[in-house]
>>> print(open('target.cif').read())   # mmCIF, C-alpha atoms and all ligand atoms
data_run
loop_
_atom_site.label_atom_id
_atom_site.label_comp_id
_atom_site.auth_asym_id
_atom_site.auth_seq_id
_atom_site.Cartn_x
_atom_site.Cartn_y
_atom_site.Cartn_z
CA MET A 1 -41.96 46.30 53.36
CA ILE A 2 -41.85 42.96 55.12
CA THR A 3 -44.00 42.45 58.20
CA LYS A 4 -44.76 39.53 60.47
CA THR A 5 -47.81 38.39 62.40
CA LYS A 6 -48.15 35.40 64.72
CA ARG A 7 -48.26 32.83 61.92
CA LEU A 8 -47.46 34.83 58.80
CA ILE A 9 -44.92 36.86 56.91
CA LEU A 10 -46.24 39.46 54.48
CA ARG A 11 -43.63 40.26 51.85
CA PRO A 12 -43.52 41.35 48.19
CA TRP A 13 -44.06 38.67 45.57
CA VAL A 14 -41.04 37.48 43.55
CA GLU A 15 -40.96 35.62 40.23
CA ALA A 16 -39.77 32.48 41.99
CA ASP A 17 -43.20 32.29 43.71
CA ALA A 18 -44.90 31.51 40.39
CA GLU A 19 -45.30 27.80 41.04
CA GLU A 20 -46.83 28.27 44.51
CA CYS A 21 -49.03 31.07 43.19
CA TYR A 22 -50.32 28.79 40.41
CA ARG A 23 -50.90 25.92 42.86
CA TYR A 24 -53.68 27.93 44.56
CA ALA A 25 -54.75 30.50 41.95
CA LYS A 26 -55.65 27.85 39.36
CA ASP A 27 -58.58 26.83 41.61
CA PRO A 28 -61.84 28.36 40.28
CA ASP A 29 -63.12 28.54 43.87
CA VAL A 30 -60.40 31.09 44.63
CA GLY A 31 -60.52 33.43 41.60
CA LEU A 32 -64.16 33.41 40.55
CA PRO A 33 -65.67 34.66 43.85
CA ALA A 34 -63.13 37.48 43.74
CA GLY A 35 -63.96 38.29 40.11
CA TRP A 36 -60.91 37.00 38.21
CA GLN A 37 -60.16 34.05 35.93
CA PRO A 38 -58.34 31.08 37.46
CA HIS A 39 -54.67 31.01 36.46
CA THR A 40 -54.02 28.73 33.49
CA SER A 41 -50.30 27.92 33.89
CA VAL A 42 -47.20 28.68 35.95
CA GLU A 43 -46.22 31.06 33.16
CA TYR A 44 -49.52 32.92 33.52
CA SER A 45 -48.97 33.18 37.30
CA ARG A 46 -45.49 34.60 36.63
CA MET A 47 -47.04 37.22 34.35
CA ILE A 48 -49.58 38.12 37.05
CA ILE A 49 -46.77 38.38 39.64
CA ASN A 50 -44.96 40.81 37.34
CA SER A 51 -48.06 42.92 36.70
CA VAL A 52 -50.96 42.83 39.19
CA LEU A 53 -49.01 41.45 42.15
CA SER A 54 -46.09 43.85 41.80
CA LYS A 55 -48.20 46.92 42.51
CA PRO A 56 -47.45 48.93 45.69
CA GLU A 57 -48.66 47.49 49.02
CA THR A 58 -49.28 44.06 47.51
CA TYR A 59 -48.02 41.16 49.60
CA ALA A 60 -47.55 37.43 49.35
CA ILE A 61 -48.98 35.81 52.48
CA VAL A 62 -46.24 33.42 53.54
CA LEU A 63 -46.77 30.77 56.20
CA LYS A 64 -43.92 31.03 58.73
CA GLU A 65 -44.07 27.29 59.26
CA THR A 66 -43.24 26.43 55.63
CA GLY A 67 -41.77 29.64 54.25
CA LEU A 68 -44.06 29.34 51.22
CA PRO A 69 -46.69 31.75 49.87
CA ILE A 70 -50.32 30.66 50.25
CA GLY A 71 -52.26 33.77 49.23
CA ASN A 72 -52.29 37.44 48.44
CA ILE A 73 -53.34 40.61 50.24
CA ALA A 74 -53.18 44.15 48.93
CA LEU A 75 -54.12 47.74 49.60
CA ARG A 76 -55.27 49.31 46.35
CA PHE A 77 -55.16 53.03 45.76
CA HIS A 78 -57.43 55.06 43.46
CA SER A 79 -59.61 52.02 42.87
CA ASP A 80 -63.38 52.04 42.21
CA LEU A 81 -64.00 52.42 45.95
CA ALA A 82 -60.95 54.33 47.16
CA GLU A 83 -61.41 57.60 45.34
CA PHE A 84 -59.28 59.94 47.46
CA ASP A 85 -55.57 60.05 48.30
CA ASP A 86 -56.13 59.20 51.98
CA GLU A 87 -58.11 56.02 51.27
CA CYS A 88 -57.44 52.52 50.06
CA GLU A 89 -59.33 49.35 49.24
CA ILE A 90 -58.31 46.02 50.70
CA GLY A 91 -58.34 42.89 48.53
CA TYR A 92 -57.25 39.32 49.20
CA TRP A 93 -57.35 35.64 48.32
CA LEU A 94 -56.10 32.52 50.04
CA GLY A 95 -55.27 28.97 48.89
CA LYS A 96 -58.24 26.72 49.61
CA PRO A 97 -56.39 24.23 51.90
CA TYR A 98 -55.84 27.13 54.32
CA TRP A 99 -59.40 28.43 54.54
CA GLY A 100 -61.16 28.58 57.89
CA GLN A 101 -58.11 29.06 60.14
CA GLY A 102 -58.44 32.80 60.57
CA ILE A 103 -55.43 33.40 58.35
CA MET A 104 -56.98 36.20 56.30
CA PRO A 105 -58.33 38.10 59.31
CA GLU A 106 -54.79 37.88 60.78
CA ALA A 107 -53.20 39.24 57.59
CA ALA A 108 -55.91 41.88 57.06
CA THR A 109 -55.69 43.12 60.66
CA GLU A 110 -51.99 43.81 60.12
CA LEU A 111 -52.50 45.50 56.76
CA ILE A 112 -55.29 47.68 58.12
CA ARG A 113 -52.93 48.69 60.94
CA ARG A 114 -50.35 49.55 58.32
CA ALA A 115 -52.85 51.58 56.30
CA PHE A 116 -53.74 53.75 59.29
CA GLU A 117 -50.50 53.81 61.27
CA ASP A 118 -47.69 53.64 58.72
CA LEU A 119 -49.37 55.14 55.67
CA GLY A 120 -51.49 57.70 57.51
CA LEU A 121 -54.69 56.85 55.64
CA GLN A 122 -58.13 57.78 56.98
CA ARG A 123 -60.39 55.13 55.42
CA VAL A 124 -60.10 51.48 54.34
CA TRP A 125 -62.78 50.19 51.97
CA GLY A 126 -63.66 46.55 51.30
CA GLY A 127 -66.01 45.11 48.74
CA TYR A 128 -67.36 41.64 48.07
CA TYR A 129 -69.84 40.17 45.65
CA ASP A 130 -73.20 38.95 46.85
CA GLY A 131 -72.98 35.39 48.15
CA ASN A 132 -69.33 35.56 49.17
CA GLU A 133 -70.07 34.99 52.85
CA LYS A 134 -66.46 34.05 53.60
CA SER A 135 -65.17 37.42 52.48
CA LYS A 136 -68.04 39.16 54.25
CA ARG A 137 -66.95 37.46 57.50
CA VAL A 138 -63.32 38.51 57.06
CA GLN A 139 -64.39 42.14 56.70
CA GLU A 140 -66.75 41.90 59.67
CA LYS A 141 -64.02 40.38 61.83
CA CYS A 142 -61.76 43.29 60.91
CA GLY A 143 -64.40 45.83 61.94
CA LEU A 144 -65.52 47.05 58.49
CA LYS A 145 -69.15 48.18 58.42
CA HIS A 146 -71.68 47.86 55.63
CA MET A 147 -72.08 51.08 53.65
CA TRP A 148 -74.18 50.23 50.60
CA THR A 149 -75.12 47.56 48.09
CA SER A 150 -75.11 48.09 44.31
CA GLU A 151 -76.94 46.12 41.65
CA ASN A 152 -75.25 45.43 38.31
CA VAL A 153 -71.62 45.93 39.27
CA PRO A 154 -69.46 45.07 36.25
CA VAL A 155 -66.91 42.27 36.72
CA PRO A 156 -64.65 43.09 33.77
CA ASP A 157 -62.41 40.00 33.92
CA LEU A 158 -65.42 37.67 33.76
CA GLY A 159 -67.62 39.79 31.46
CA GLU A 160 -70.59 39.72 33.81
CA PHE A 161 -72.53 41.80 36.31
CA ARG A 162 -73.04 41.02 39.99
CA VAL A 163 -74.56 42.51 43.11
CA GLY A 164 -71.75 44.16 45.10
CA HIS A 165 -71.63 44.99 48.81
CA VAL A 166 -69.39 47.78 50.07
CA ASN A 167 -67.89 48.01 53.58
CA CYS A 168 -65.63 50.56 55.21
CA ILE A 169 -63.70 51.40 58.39
CA THR A 170 -62.36 54.82 59.31
CA LYS A 171 -59.21 55.42 61.32
CA LYS A 172 -61.31 56.74 64.21
CA GLU A 173 -63.56 53.67 64.25
CA TRP A 174 -60.51 51.43 64.12
CA GLN A 175 -59.03 53.16 67.16
CA GLU A 176 -62.31 53.14 69.10
CA GLN A 177 -62.96 49.48 68.35
CA ARG A 178 -59.46 48.60 69.54
CA ILE A 179 -59.83 50.48 72.82
CA SER A 180 -63.28 48.99 73.49
CA ARG A 181 -61.96 45.52 72.75
CA PHE A 182 -59.06 45.87 75.17
CA GLU A 183 -61.35 47.46 77.77
CA ASN A 184 -63.42 44.28 77.64
CA ILE A 185 -60.34 42.06 77.91
CA LEU A 186 -59.12 44.05 80.89
CA ASP A 187 -62.54 43.82 82.58
CA GLU A 188 -62.75 40.10 81.94
CA LEU A 189 -59.25 39.45 83.29
CA SER A 190 -59.70 41.72 86.29
CA ALA A 191 -62.97 39.99 87.21
CA ALA A 192 -61.40 36.56 86.80
CA VAL A 193 -58.39 37.19 89.02
CA LYS A 194 -60.42 38.80 91.80
CA ASP A 195 -61.69 35.53 93.14
CA LEU A 196 -58.43 33.75 93.75
CA ASP A 197 -60.00 30.39 94.55
CA PHE A 198 -61.50 30.12 91.12
CA ALA A 199 -58.88 32.18 89.45
CA LEU A 200 -56.20 29.63 88.61
CA GLU A 201 -58.41 27.71 86.24
CA ALA A 202 -59.85 30.87 84.76
CA TYR A 203 -56.38 32.31 84.40
CA GLU A 204 -55.15 29.36 82.36
CA LYS A 205 -58.06 29.87 79.97
CA LEU A 206 -57.57 33.61 79.76
CA LYS A 207 -53.80 33.53 79.25
CA PRO A 208 -54.00 34.18 75.47
CA ARG A 209 -56.17 37.26 76.13
CA LEU A 210 -53.66 38.43 78.73
CA ASN A 211 -50.86 38.08 76.19
CA GLU A 212 -52.88 40.12 73.70
CA LEU A 213 -53.40 42.79 76.30
CA LYS A 214 -49.68 42.82 77.18
CA GLU A 215 -48.76 43.15 73.51
CA TYR A 216 -51.13 46.10 73.20
CA TYR A 217 -49.53 47.83 76.19
CA GLU A 218 -46.10 47.32 74.74
CA SER A 219 -47.08 48.59 71.27
CA SER A 220 -46.95 52.10 69.90
CA LEU A 221 -50.73 51.85 69.46
CA TRP A 222 -51.34 52.03 73.22
CA ARG A 223 -49.12 55.10 73.52
CA LYS A 224 -51.05 56.76 70.68
CA ASP A 225 -54.44 55.89 72.21
CA PHE A 226 -53.22 57.10 75.62
CA GLU A 227 -52.08 60.43 74.17
CA ASP A 228 -55.31 60.89 72.21
CA ASP A 229 -57.25 60.24 75.39
CA GLY A 230 -55.20 62.76 77.34
CA ALA A 231 -55.76 65.35 74.62
CA GLY A 232 -59.54 64.75 74.68
CA ARG A 233 -59.61 63.33 71.18
CA LEU A 234 -61.61 60.22 72.10
CA PRO A 235 -65.37 59.89 72.64
CA LYS A 236 -66.54 60.40 76.21
CA ASP A 237 -68.37 57.08 76.45
CA LEU A 238 -65.17 55.02 76.35
CA LYS A 239 -64.17 53.61 79.71
CA ARG A 240 -60.66 54.67 80.67
CA GLY A 241 -59.39 51.52 82.39
CA VAL A 242 -57.40 50.21 79.50
CA LEU A 243 -55.80 53.60 78.98
CA SER A 244 -54.70 53.94 82.58
CA GLU A 245 -51.44 52.40 83.61
CA ASP A 246 -52.80 51.84 87.17
CA ALA A 247 -55.51 49.43 86.09
CA VAL A 248 -52.97 47.33 84.29
CA TYR A 249 -50.48 47.32 87.15
CA ASP A 250 -53.28 46.20 89.49
CA LEU A 251 -54.10 43.38 87.13
CA LEU A 252 -50.48 42.32 86.79
CA ASP A 253 -50.03 42.39 90.58
CA ASN A 254 -53.05 40.11 91.00
CA ILE A 255 -51.70 37.82 88.35
CA LYS A 256 -48.31 37.67 90.02
CA GLU A 257 -50.04 36.57 93.21
CA LEU A 258 -51.96 33.97 91.27
CA GLU A 259 -48.80 32.61 89.74
CA ILE A 260 -47.17 32.34 93.16
CA ARG A 261 -50.26 30.49 94.40
CA GLY A 262 -50.16 28.31 91.32
CA LYS A 263 -46.61 27.27 92.14
CA ASN A 264 -47.66 26.45 95.69
CA VAL A 265 -50.67 24.49 94.56
CA PHE A 266 -49.01 22.37 91.89
C1 LIG B 1 -62.38 34.96 51.73
C2 LIG B 1 -61.16 34.17 52.21
C3 LIG B 1 -59.92 35.00 51.98
C4 LIG B 1 -61.34 33.89 53.72
O1 LIG B 1 -60.10 33.61 54.33
P1 LIG B 1 -59.99 32.70 55.64
O2 LIG B 1 -58.61 32.83 56.15
O3 LIG B 1 -60.50 31.35 55.35
O4 LIG B 1 -61.00 33.44 56.63
P2 LIG B 1 -61.62 32.83 57.97
O5 LIG B 1 -60.81 31.70 58.47
O6 LIG B 1 -61.88 33.99 58.85
O7 LIG B 1 -63.03 32.26 57.49
C5 LIG B 1 -64.03 33.15 57.04
C6 LIG B 1 -65.37 32.44 56.98
O8 LIG B 1 -65.34 31.46 55.95
C7 LIG B 1 -66.15 30.34 56.31
N1 LIG B 1 -65.32 29.15 56.14
C8 LIG B 1 -64.20 28.88 56.78
N2 LIG B 1 -63.66 27.74 56.32
C9 LIG B 1 -64.45 27.30 55.38
C10 LIG B 1 -64.41 26.18 54.51
N3 LIG B 1 -63.41 25.31 54.55
N4 LIG B 1 -65.41 26.03 53.62
C11 LIG B 1 -66.42 26.91 53.60
N5 LIG B 1 -66.48 28.01 54.37
C12 LIG B 1 -65.52 28.18 55.25
C13 LIG B 1 -66.62 30.55 57.71
O9 LIG B 1 -67.93 31.02 57.65
C14 LIG B 1 -65.71 31.65 58.24
O10 LIG B 1 -66.39 32.52 59.11
P3 LIG B 1 -66.49 32.16 60.69
O11 LIG B 1 -65.07 32.15 61.20
O12 LIG B 1 -67.31 33.23 61.25
O13 LIG B 1 -67.12 30.80 60.80
C15 LIG B 1 -61.02 32.83 51.45
O14 LIG B 1 -62.20 32.08 51.62
C16 LIG B 1 -60.78 33.02 49.96
O15 LIG B 1 -59.66 33.20 49.53
N6 LIG B 1 -61.86 32.99 49.13
C17 LIG B 1 -61.72 33.10 47.68
C18 LIG B 1 -61.22 34.47 47.23
C19 LIG B 1 -62.11 35.60 47.70
O16 LIG B 1 -63.31 35.44 47.80
N7 LIG B 1 -61.49 36.73 48.01
C20 LIG B 1 -62.20 37.89 48.49
C21 LIG B 1 -62.77 38.64 47.39
S1 LIG B 1 -63.75 40.00 47.99
#
>>> encode(input="target.cif", output="structure tokens", more="lines below")
Ligand SMILES: CC(C)(COP(=O)(O)OP(=O)(O)OC[C@H]1O[C@@H](n2cnc3c(N)ncnc32)[C@H](O)[C@@H]1OP(=O)(O)O)[C@@H](O)C(=O)NCCC(=O)NCCS
Amino acid sequence: MITKTKRLILRPWVEADAEECYRYAKDPDVGLPAGWQPHTSVEYSRMIINSVLSKPETYAIVLKETGLPIGNIALRFHSDLAEFDDECEIGYWLGKPYWGQGIMPEAATELIRRAFEDLGLQRVWGGYYDGNEKSKRVQEKCGLKHMWTSENVPVPDLGEFRVGHVNCITKKEWQEQRISRFENILDELSAAVKDLDFALEAYEKLKPRLNELKEYYESSLWRKDFEDDGAGRLPKDLKRGVLSEDAVYDLLDNIKELEIRGKNVF
């Protein structure tokens, strides 16, 4: 499978990636927090590409801008955490020069979507070792919730024991979080465009959120959420605005008016 996000392409690793893989995976700051030894040569990276990185649902994270791989993301099946057939565990690493730009949350959001939507799984697990705040944040941003913490978790590759934290998200939580999130975006946008005098400035700021909302409406996810709502499969405390076509048409009408005004003003 090859999939794209705003800035990234996720595609299977190939042997020719060995040099780029080594460039980032030789850094101890990348491997050690994740529990594996830094790569020692391009040859070693090639061997890892042909073994670990050729497993199912394992993807090179390729930057669209350069066409080169900068990290890895994978769904692992029948791992320590993902015991059952309808579960998986997410794992990832990223080249250090690319840290702090939200790249992993972008890749992980897409792979979690794939786990639930394309692969029909019910649960995505994520683990990180104590002190790995960066990985903790990625999992939080993707909606995974803390389940438990274990002392003395073996790290076989490094021959040591660490404290391990375990997070998880279910398909239901993923759907509910998405709907709540878009409800909030819709509310925010609707409130902003109501007061047309202030709205132009607010609208400019909120445009990226509007685009997100539009993408959601055009995706198969909205259709699925809409159908689940109609069939009574969603919790009662969710507001229905984002799942009603009327609310969106109202918003788009207001925005059209704003845009016309904008043209008159500028
Ligand atoms: C964990 C990792 C994938 C995060 O990817 P990322 O794309 O940088 O993720 P984000 O941009 O969302 O940043 C996550 C957090 O890292 C911290 N961070 C970001 N850039 C940083 C930098 N240059 N130096 C130190 N910390 C930084 C921030 O706290 C950020 O959280 P915030 O957005 O709430 O401030 C990456 O740090 C990595 O590959 N680490 C080594 C391998 C690893 O630990 N893998 C996970 C094993 S469980």
>>> residues_near_ligand(input="target.cif", ligand="ligand LIG 1 (chain B)", cutoff="8 Å", atoms="only C-alpha atoms and all ligand atoms", output="MDAnalysis selection string")
chainID A and resid 29:35 71 91:106 126:129 132:138 141
>>> residues_around(input="target.cif", residues="Arg162 of chain A", least_positions_apart="3", cutoff="9 Å", atoms="only C-alpha atoms", output="number ranges by chain")
A: 129-130, 150-155
>>> residues_around(input="target.cif", residues="segment 230-247 of chain A", least_positions_apart="4", cutoff="7 Å", atoms="only C-alpha atoms", output="VMD selection string")
chain A and resid 180 182 to 183 186 226 251
>>> closest_residue(input="target.cif", among="A:Asp27, A:Lys145, A:Arg113, A:Asn72", to="Ser219 of chain A", atoms="all atoms listed in the file")
A:Arg113
>>> residues_around(input="target.cif", residues="Gly120 of chain A", least_positions_apart="4", cutoff="10 Å", atoms="only C-alpha atoms", output="ChimeraX atom specification")
/A:86-87,113-116,171
>>> atom_distance(input="target.cif", atom1="atom CA of Val42 of chain A", atom2="atom CA of Tyr24 of chain A")
10.8 Å
>>> residues_around(input="target.cif", residues="Ser54 of chain A", least_positions_apart="3", cutoff="12 Å", atoms="only C-alpha atoms", output="list in words")
Arg11, Pro12, Trp13, Val14, Glu15, Ser45, Arg46, Met47, Ile48, Ile49, Asn50, Ser51, Glu57, Thr58, Tyr59, Ala60, Asn72, Ile73, Ala74, Leu75 and Arg76 of chain A
>>> closest_residue(input="target.cif", among="A:Leu121, A:Ile185, A:Leu144, A:Ala192", to="Asp85 of chain A", atoms="only C-alpha atoms")
A:Leu121
>>> closest_residue(input="target.cif", among="A:Ser41, A:Glu20, A:Glu117, A:Arg123", to="Phe77 of chain A", atoms="only C-alpha atoms")
A:Arg123
>>> atom_distance(input="target.cif", atom1="atom CA of Ile179 of chain A", atom2="atom CA of Ile9 of chain A")
25.7 Å
>>> residues_around(input="target.cif", residues="segment 253-255 of chain A", least_positions_apart="4", cutoff="9 Å", atoms="all atoms listed in the file", output="ChimeraX atom specification")
/A:190,193-194,196,203,248-249,259-260
>>> write_last_selection(input="target.cif", atoms="C-alpha atoms", output="mmCIF file, keeping the file's coordinate frame")
data_model
loop_
_atom_site.group_PDB
_atom_site.id
_atom_site.type_symbol
_atom_site.label_atom_id
_atom_site.label_comp_id
_atom_site.auth_asym_id
_atom_site.auth_seq_id
_atom_site.Cartn_x
_atom_site.Cartn_y
_atom_site.Cartn_z
ATOM 1 C CA SER A 190 -59.700 41.720 86.290
ATOM 2 C CA VAL A 193 -58.390 37.190 89.020
ATOM 3 C CA LYS A 194 -60.420 38.800 91.800
ATOM 4 C CA LEU A 196 -58.430 33.750 93.750
ATOM 5 C CA TYR A 203 -56.380 32.310 84.400
ATOM 6 C CA VAL A 248 -52.970 47.330 84.290
ATOM 7 C CA TYR A 249 -50.480 47.320 87.150
ATOM 8 C CA GLU A 259 -48.800 32.610 89.740
ATOM 9 C CA ILE A 260 -47.170 32.340 93.160
#
>>> atom_distance(input="target.cif", atom1="atom CA of Ala25 of chain A", atom2="atom CA of Ala82 of chain A")
25.2 Å
>>> closest_residue(input="target.cif", among="A:Glu43, A:Gln139, A:Trp174, A:Leu189", to="Lys207 of chain A", atoms="all atoms listed in the file")
A:Leu189
>>> residues_near_point(input="target.cif", point="(-44.0, 30.8, 62.7)", cutoff="7 Å", atoms="all atoms listed in the file", output="list in words")
Lys6, Arg7, Leu8, Lys64 and Glu65 of chain A
>>> decode(input="target.cif", residues="segment 211-236 of chain A", atoms="N, CA and C atoms", output="PDB file, in the first residue's frame")
ATOM      1  N   ASN A 211     -10.759  24.189   5.806  1.00  0.00           N
ATOM      2  CA  ASN A 211     -10.319  23.195   4.827  1.00  0.00           C
ATOM      3  C   ASN A 211     -10.362  21.791   5.425  1.00  0.00           C
ATOM      4  N   GLU A 212      -9.961  21.690   6.699  1.00  0.00           N
ATOM      5  CA  GLU A 212     -10.027  20.394   7.377  1.00  0.00           C
ATOM      6  C   GLU A 212     -11.448  19.875   7.419  1.00  0.00           C
ATOM      7  N   LEU A 213     -12.352  20.817   7.757  1.00  0.00           N
ATOM      8  CA  LEU A 213     -13.762  20.446   7.866  1.00  0.00           C
ATOM      9  C   LEU A 213     -14.297  20.006   6.501  1.00  0.00           C
ATOM     10  N   LYS A 214     -13.915  20.740   5.452  1.00  0.00           N
ATOM     11  CA  LYS A 214     -14.372  20.388   4.098  1.00  0.00           C
ATOM     12  C   LYS A 214     -13.869  18.998   3.710  1.00  0.00           C
ATOM     13  N   GLU A 215     -12.596  18.748   4.018  1.00  0.00           N
ATOM     14  CA  GLU A 215     -12.014  17.429   3.708  1.00  0.00           C
ATOM     15  C   GLU A 215     -12.780  16.320   4.407  1.00  0.00           C
ATOM     16  N   TYR A 216     -13.141  16.583   5.664  1.00  0.00           N
ATOM     17  CA  TYR A 216     -13.901  15.585   6.425  1.00  0.00           C
ATOM     18  C   TYR A 216     -15.235  15.298   5.742  1.00  0.00           C
ATOM     19  N   TYR A 217     -15.931  16.373   5.317  1.00  0.00           N
ATOM     20  CA  TYR A 217     -17.225  16.183   4.671  1.00  0.00           C
ATOM     21  C   TYR A 217     -17.116  15.427   3.359  1.00  0.00           C
ATOM     22  N   GLU A 218     -15.975  15.592   2.721  1.00  0.00           N
ATOM     23  CA  GLU A 218     -15.820  14.928   1.425  1.00  0.00           C
ATOM     24  C   GLU A 218     -15.283  13.505   1.584  1.00  0.00           C
ATOM     25  N   SER A 219     -14.911  13.116   2.804  1.00  0.00           N
ATOM     26  CA  SER A 219     -14.279  11.803   2.990  1.00  0.00           C
ATOM     27  C   SER A 219     -15.327  10.725   3.281  1.00  0.00           C
ATOM     28  N   SER A 220     -14.893   9.482   3.140  1.00  0.00           N
ATOM     29  CA  SER A 220     -15.805   8.382   3.453  1.00  0.00           C
ATOM     30  C   SER A 220     -16.057   8.315   4.960  1.00  0.00           C
ATOM     31  N   LEU A 221     -15.176   8.953   5.751  1.00  0.00           N
ATOM     32  CA  LEU A 221     -15.349   8.910   7.207  1.00  0.00           C
ATOM     33  C   LEU A 221     -16.632   9.621   7.621  1.00  0.00           C
ATOM     34  N   TRP A 222     -16.916  10.780   6.979  1.00  0.00           N
ATOM     35  CA  TRP A 222     -18.130  11.515   7.336  1.00  0.00           C
ATOM     36  C   TRP A 222     -19.365  10.657   7.047  1.00  0.00           C
ATOM     37  N   ARG A 223     -19.369  10.039   5.887  1.00  0.00           N
ATOM     38  CA  ARG A 223     -20.502   9.203   5.481  1.00  0.00           C
ATOM     39  C   ARG A 223     -20.735   8.094   6.520  1.00  0.00           C
ATOM     40  N   LYS A 224     -19.619   7.491   6.956  1.00  0.00           N
ATOM     41  CA  LYS A 224     -19.687   6.407   7.942  1.00  0.00           C
ATOM     42  C   LYS A 224     -20.242   6.941   9.271  1.00  0.00           C
ATOM     43  N   ASP A 225     -19.720   8.096   9.710  1.00  0.00           N
ATOM     44  CA  ASP A 225     -20.178   8.680  10.980  1.00  0.00           C
ATOM     45  C   ASP A 225     -21.667   9.044  10.878  1.00  0.00           C
ATOM     46  N   PHE A 226     -22.047   9.598   9.721  1.00  0.00           N
ATOM     47  CA  PHE A 226     -23.431  10.002   9.475  1.00  0.00           C
ATOM     48  C   PHE A 226     -24.358   8.779   9.563  1.00  0.00           C
ATOM     49  N   GLU A 227     -23.940   7.685   8.933  1.00  0.00           N
ATOM     50  CA  GLU A 227     -24.764   6.474   8.943  1.00  0.00           C
ATOM     51  C   GLU A 227     -24.855   5.877  10.348  1.00  0.00           C
ATOM     52  N   ASP A 228     -23.721   5.885  11.056  1.00  0.00           N
ATOM     53  CA  ASP A 228     -23.728   5.353  12.426  1.00  0.00           C
ATOM     54  C   ASP A 228     -24.647   6.178  13.311  1.00  0.00           C
ATOM     55  N   ASP A 229     -24.662   7.491  13.061  1.00  0.00           N
ATOM     56  CA  ASP A 229     -25.523   8.370  13.849  1.00  0.00           C
ATOM     57  C   ASP A 229     -26.987   8.042  13.559  1.00  0.00           C
ATOM     58  N   GLY A 230     -27.305   7.931  12.280  1.00  0.00           N
ATOM     59  CA  GLY A 230     -28.678   7.615  11.872  1.00  0.00           C
ATOM     60  C   GLY A 230     -29.152   6.292  12.467  1.00  0.00           C
ATOM     61  N   ALA A 231     -28.229   5.349  12.580  1.00  0.00           N
ATOM     62  CA  ALA A 231     -28.597   4.021  13.083  1.00  0.00           C
ATOM     63  C   ALA A 231     -28.537   3.955  14.612  1.00  0.00           C
ATOM     64  N   GLY A 232     -28.272   5.110  15.256  1.00  0.00           N
ATOM     65  CA  GLY A 232     -28.240   5.139  16.729  1.00  0.00           C
ATOM     66  C   GLY A 232     -27.029   4.454  17.322  1.00  0.00           C
ATOM     67  N   ARG A 233     -25.950   4.398  16.570  1.00  0.00           N
ATOM     68  CA  ARG A 233     -24.769   3.693  17.084  1.00  0.00           C
ATOM     69  C   ARG A 233     -23.787   4.624  17.807  1.00  0.00           C
ATOM     70  N   LEU A 234     -24.136   5.907  17.910  1.00  0.00           N
ATOM     71  CA  LEU A 234     -23.219   6.849  18.563  1.00  0.00           C
ATOM     72  C   LEU A 234     -23.781   7.288  19.916  1.00  0.00           C
ATOM     73  N   PRO A 235     -22.907   7.699  20.842  1.00  0.00           N
ATOM     74  CA  PRO A 235     -23.399   8.118  22.153  1.00  0.00           C
ATOM     75  C   PRO A 235     -24.328   9.324  22.048  1.00  0.00           C
ATOM     76  N   LYS A 236     -25.255   9.418  22.983  1.00  0.00           N
ATOM     77  CA  LYS A 236     -26.288  10.455  22.910  1.00  0.00           C
ATOM     78  C   LYS A 236     -25.721  11.851  23.162  1.00  0.00           C
TER      79      LYS A 236
END
